[in-house]
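Peer 1: Just dropping this structure here.
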Amino acid sequence: MIINENFNFKGIVTGHNELFYQFRSKQMPENVFTIPIKVIHYCEFPNEMKDENGFLKNGVEILLHEKPVSNGRTYLYPCHEIYPPKKENLTNDKRVSISNLKENVVPLKVNTPEVLEALRDEFCEHGDRFSMQIRKKTMGVLSKGNLDESCDYLRRLLNKSIFPQENGQIEYKSSFLNPRETDKNYQLRELVKVLVGFANSDTHRGTLIVGVTDNQEVCGVENDFVQFGEQFNREKFTAMFMNLYKQLTSGQLMMDTHLEWNEIENHLICRISVDYHGDVVLMNGTNLYVRKESGNHLLKGVDMLAFIRQRESPMNLNEV
């Protein structure tokens, strides 16, 4: 599992005061405990579970989450999968989580002299598309010598994204999670397929950027961390992902893979770069993915054998 296992059980409300609810465990009736009201009221409950003052009625059963904390004690709260947080609380949590995630993150440098030169060349190549007034304004902007202003202006003029279109060495994913899947590992395995494809490509390298859509629009991954769980930070995620990555591929590929977090347009993105120097990589010890142009291809049967034979070095079979 991605997140530490938690224990669920049912609690029966037996009363409350201004600060705490009192519960009795349904599994062990002799076990009586309290939970702060603010913790319980963090979630939204059906109206039939509440009295006229908004408090939970005596005798109501709710499913509770028991989660160990560092001091050896346990923390109890309602299961958010069943009793969703109130919208205002969820918004506040995301805001706090996002700000914490961005601590010590290096802003992504997207405006460089090389980028400016490429944009300027494209403008000159298609200069006849623009009016004389726009061309004069463009020359005025470029003459100031401000790198950021010049790059941003030319991008708007040329309708260019910060990121290039997907190709043989770059792919974008909007999220670490697939909302259509309940298994959080599903989308992570899809990301691993892309990285394996890069390793097996003709160049043996490529970059996967998570937090950017297929249309090169920045959406960020910060909200993914809210879904992964409380206190799930960048360091924990990196360790978890790289461990899964090694299990599904090989230690050599993991060593030749670099994961970097960047901030851009007030969003957090993740850049995972492969520069591989080993033998053919199989995912799960059986599946051979190869990157061709902007797509990932699974080779089977004779195609798989032909691909392996064309490699001069022997194949490294890495079983999980």
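Numbering starts fresh at 1 for the residues of each chain in the structure tokens, the chains themselves are lettered A, B, ... in the order given, and ligands are numbered from 1 as they appear.
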Pick out the residues sitting within 8 Å of Leu191 in chain A, and hand them over as a ChimeraX atom specification; count only C-alpha atoms, and ignore anything fewer than 3 positions along from it in its own chain.
Peer 2: /A:176,187-188,194-195,208
Peer 1: Grab the CA of Leu76 in chain A to CA of Ile35 in chain A distance for me, in Å with one decimal place.
Peer 2: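 Pair CA of Leu76 in chain A / CA of Ile35 in chain A returns 7.0 Å.
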Peer 1: Can you tell me which residues surround Gly295 in chain A at a distance of at most 8 Å, considering only C-alpha atoms, apart from same-chain residues fewer than 3 positions away, and format the answer as a PyMOL selection string?
Peer 2: chain A and resi 167-168+291-292
Peer 1: Create the file for the chosen residues now, containing C-alpha atoms and written as a PDB file, in the first residue's frame.
Peer 2:
```pdb
ATOM      1  CA  ASN A 167       7.632  13.989 -28.666  1.00  0.00           C
ATOM      2  CA  GLY A 168      10.013  11.059 -28.378  1.00  0.00           C
ATOM      3  CA  ARG A 291       9.082   4.964 -26.840  1.00  0.00           C
ATOM      4  CA  LYS A 292       8.459   5.837 -30.500  1.00  0.00           C
TER       5      LYS A 292
END
```
Peer 1: Run DSSP on the backbone and grab whatever in range 17-251 of chain A lands in strand (DSSP E or B); send it over as a compact mmCIF listing (two decimals) with C-alpha atoms, in the first residue's frame.
Peer 2:
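result.txt, freshly written:
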```
# COMPACT_ATOMS: atom_id res chain seq x y z
CA PHE A 20 -15.92 16.60 23.33
CA TYR A 21 -18.14 13.83 22.08
CA GLN A 22 -18.20 10.63 24.10
CA PHE A 23 -18.25 7.34 22.20
CA ARG A 24 -18.58 3.67 23.03
CA SER A 25 -16.89 1.12 20.80
CA VAL A 32 -15.37 4.37 26.18
CA PHE A 33 -13.45 7.30 24.67
CA THR A 34 -13.78 10.95 23.66
CA ILE A 35 -13.09 12.87 20.43
CA PRO A 36 -12.98 16.68 20.18
CA CYS A 43 -16.99 16.37 8.34
CA LYS A 50 -27.95 15.24 13.65
CA LEU A 56 -24.74 14.08 16.42
CA GLU A 61 -23.09 4.94 14.86
CA ILE A 62 -20.22 6.34 12.80
CA LEU A 63 -17.23 4.62 11.24
CA LEU A 64 -14.01 5.90 12.79
CA HIS A 65 -10.42 5.86 11.61
CA GLU A 66 -7.68 4.94 14.10
CA LYS A 67 -4.28 6.21 13.03
CA PRO A 68 -1.03 5.85 15.04
CA THR A 74 -3.58 6.94 18.28
CA TYR A 75 -5.59 9.65 16.57
CA LEU A 76 -9.31 9.09 15.94
CA TYR A 77 -11.39 10.83 13.30
CA PRO A 78 -14.39 10.03 11.03
CA PRO A 85 -14.94 17.07 4.87
CA VAL A 106 13.32 25.75 -6.96
CA PRO A 107 11.28 27.79 -9.50
CA ASN A 167 7.63 13.99 -28.67
CA ILE A 170 9.03 14.36 -23.46
CA GLU A 171 5.59 13.44 -22.14
CA TYR A 172 3.09 15.16 -19.87
CA LYS A 173 0.71 13.80 -17.26
CA ARG A 205 16.53 9.20 -22.37
CA GLY A 206 13.45 11.33 -21.86
CA THR A 207 11.56 13.52 -19.39
CA LEU A 208 8.12 12.93 -17.91
CA ILE A 209 6.52 16.07 -16.48
CA VAL A 210 3.64 15.52 -14.05
CA VAL A 212 1.06 19.60 -17.01
CA VAL A 218 0.18 23.90 -16.09
```
Peer 1: Can you tell me which residues surround range 108-110 of chain A at a distance of at most 6 Å, considering only C-alpha atoms, apart from same-chain residues fewer than 3 positions away, and format the answer as JSON, numbers by chain?
Peer 2: {"A": [262, 263, 264]}
Peer 1: Hey, what's within 9 Å of range 154-158 of chain A if we count only C-alpha atoms and toss same-chain stuff fewer than 6 positions away? As an NGL selection string, please?
Peer 2: :A and (116 or 119-120 or 122-123 or 138)
Peer 1: Write out the residues from the selection above, keeping N, CA, C and O atoms, as an mmCIF file, in the first residue's frame.
Peer 2:
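Done, and the output landed in part.cif:
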```
data_model
loop_
_atom_site.group_PDB
_atom_site.id
_atom_site.type_symbol
_atom_site.label_atom_id
_atom_site.label_comp_id
_atom_site.auth_asym_id
_atom_site.auth_seq_id
_atom_site.Cartn_x
_atom_site.Cartn_y
_atom_site.Cartn_z
ATOM 1 N N LEU A 116 15.002 32.343 -25.861
ATOM 2 C CA LEU A 116 14.739 33.625 -26.520
ATOM 3 C C LEU A 116 15.198 33.588 -27.976
ATOM 4 O O LEU A 116 14.492 34.087 -28.868
ATOM 5 N N LEU A 119 12.637 31.637 -30.017
ATOM 6 C CA LEU A 119 11.405 32.403 -30.209
ATOM 7 C C LEU A 119 11.618 33.546 -31.196
ATOM 8 O O LEU A 119 10.755 33.821 -32.053
ATOM 9 N N ARG A 120 12.748 34.196 -31.104
ATOM 10 C CA ARG A 120 13.046 35.303 -32.016
ATOM 11 C C ARG A 120 13.182 34.797 -33.452
ATOM 12 O O ARG A 120 12.688 35.431 -34.399
ATOM 13 N N GLU A 122 11.699 32.188 -34.722
ATOM 14 C CA GLU A 122 10.357 31.842 -35.207
ATOM 15 C C GLU A 122 9.585 33.104 -35.580
ATOM 16 O O GLU A 122 8.850 33.113 -36.577
ATOM 17 N N PHE A 123 9.744 34.158 -34.782
ATOM 18 C CA PHE A 123 9.075 35.414 -35.110
ATOM 19 C C PHE A 123 9.577 35.966 -36.446
ATOM 20 O O PHE A 123 8.782 36.412 -37.288
ATOM 21 N N THR A 138 7.349 44.844 -31.273
ATOM 22 C CA THR A 138 8.194 43.695 -30.916
ATOM 23 C C THR A 138 9.656 44.099 -30.834
ATOM 24 O O THR A 138 10.369 43.733 -29.885
#
```
Peer 1: Which one of A:His267, A:Lys136, A:His277, A:Arg189 sits closest to Phe241 in chain A if you count only C-alpha atoms?
Peer 2: A:Arg189
Peer 1: Once DSSP has gone over the backbone, tell me which residues of range 155-239 of chain A are in helix (DSSP H, G or I), as JSON, numbers by chain.
Peer 2: {"A": [155, 156, 157, 158, 184, 185, 186, 187, 188, 189, 190, 191, 192, 193, 194, 195, 196, 197, 198, 199, 222, 223, 224, 225, 226, 227, 228, 234, 235, 236, 237, 238, 239]}
Peer 1: Suppose you want the space between CA of Ile308 in chain A and CA of Tyr276 in chain A; what is it in Å?
Peer 2: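 Separation of CA of Ile308 in chain A and CA of Tyr276 in chain A: 16.1 Å.
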Peer 1: Show which residues sit within 8 Å of Met283 in chain A, as a PDB file with C-alpha atoms, in the first residue's frame. Count only C-alpha atoms, and ignore same-chain residues fewer than 6 positions away.
Peer 2:
```
ATOM      1  CA  LYS A 193       5.542   2.505 -18.348  1.00  0.00           C
ATOM      2  CA  VAL A 196      10.608   2.321 -19.202  1.00  0.00           C
ATOM      3  CA  LEU A 248       8.624  -2.791 -11.213  1.00  0.00           C
ATOM      4  CA  THR A 249      11.870  -2.267 -13.173  1.00  0.00           C
ATOM      5  CA  TYR A 289       7.740  -0.899 -23.579  1.00  0.00           C
TER       6      TYR A 289
END
```
Peer 1: Which residue is closest to Val39 in chain A? Choose from A:Val192, A:Ala118, A:Ala239, A:Cys79 and count only C-alpha atoms.
Peer 2: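 The shortest atom-to-atom distance to Val39 in chain A comes from A:Cys79.
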Peer 1: Give me the residues within 12 Å of Asp303 in chain A as a VMD selection string, counting only C-alpha atoms and dropping any in the same chain fewer than 5 places off.
Peer 2: chain A and resid 288 to 290 297 to 298 308 to 310
Peer 1: Export C-alpha atoms of the chosen residues as a tab-separated table (two decimals), in the first residue's frame?
Peer 2:
```
chain	number	residue	atom	x	y	z
A	288	LEU	CA	8.76	-4.52	-22.96
A	289	TYR	CA	7.74	-0.90	-23.58
A	290	VAL	CA	9.50	1.24	-26.19
A	297	HIS	CA	4.40	0.82	-27.42
A	298	LEU	CA	4.21	-2.63	-25.83
A	308	ILE	CA	16.15	-7.59	-28.16
A	309	ARG	CA	18.30	-9.18	-30.87
A	310	GLN	CA	19.15	-5.84	-32.44
```
Peer 1: What gap, in Å, lies between CA of Ser273 in chain A and CA of Phe225 in chain A?
Peer 2: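 Distance reported for this atom pair: 21.0 Å.
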Peer 1: Name the closest residue to Met254 in chain A among the candidates A:Thr213, A:Thr238, A:Asn266, A:Asn17; distances are taken between atoms, counting only C-alpha atoms.
Peer 2: A:Thr238
Peer 1: Find, counting only C-alpha atoms, the residue in A:Gln165, A:Tyr153, A:Gly251, A:Glu222 that gets nearest to Val141 in chain A.
Peer 2: A:Tyr153
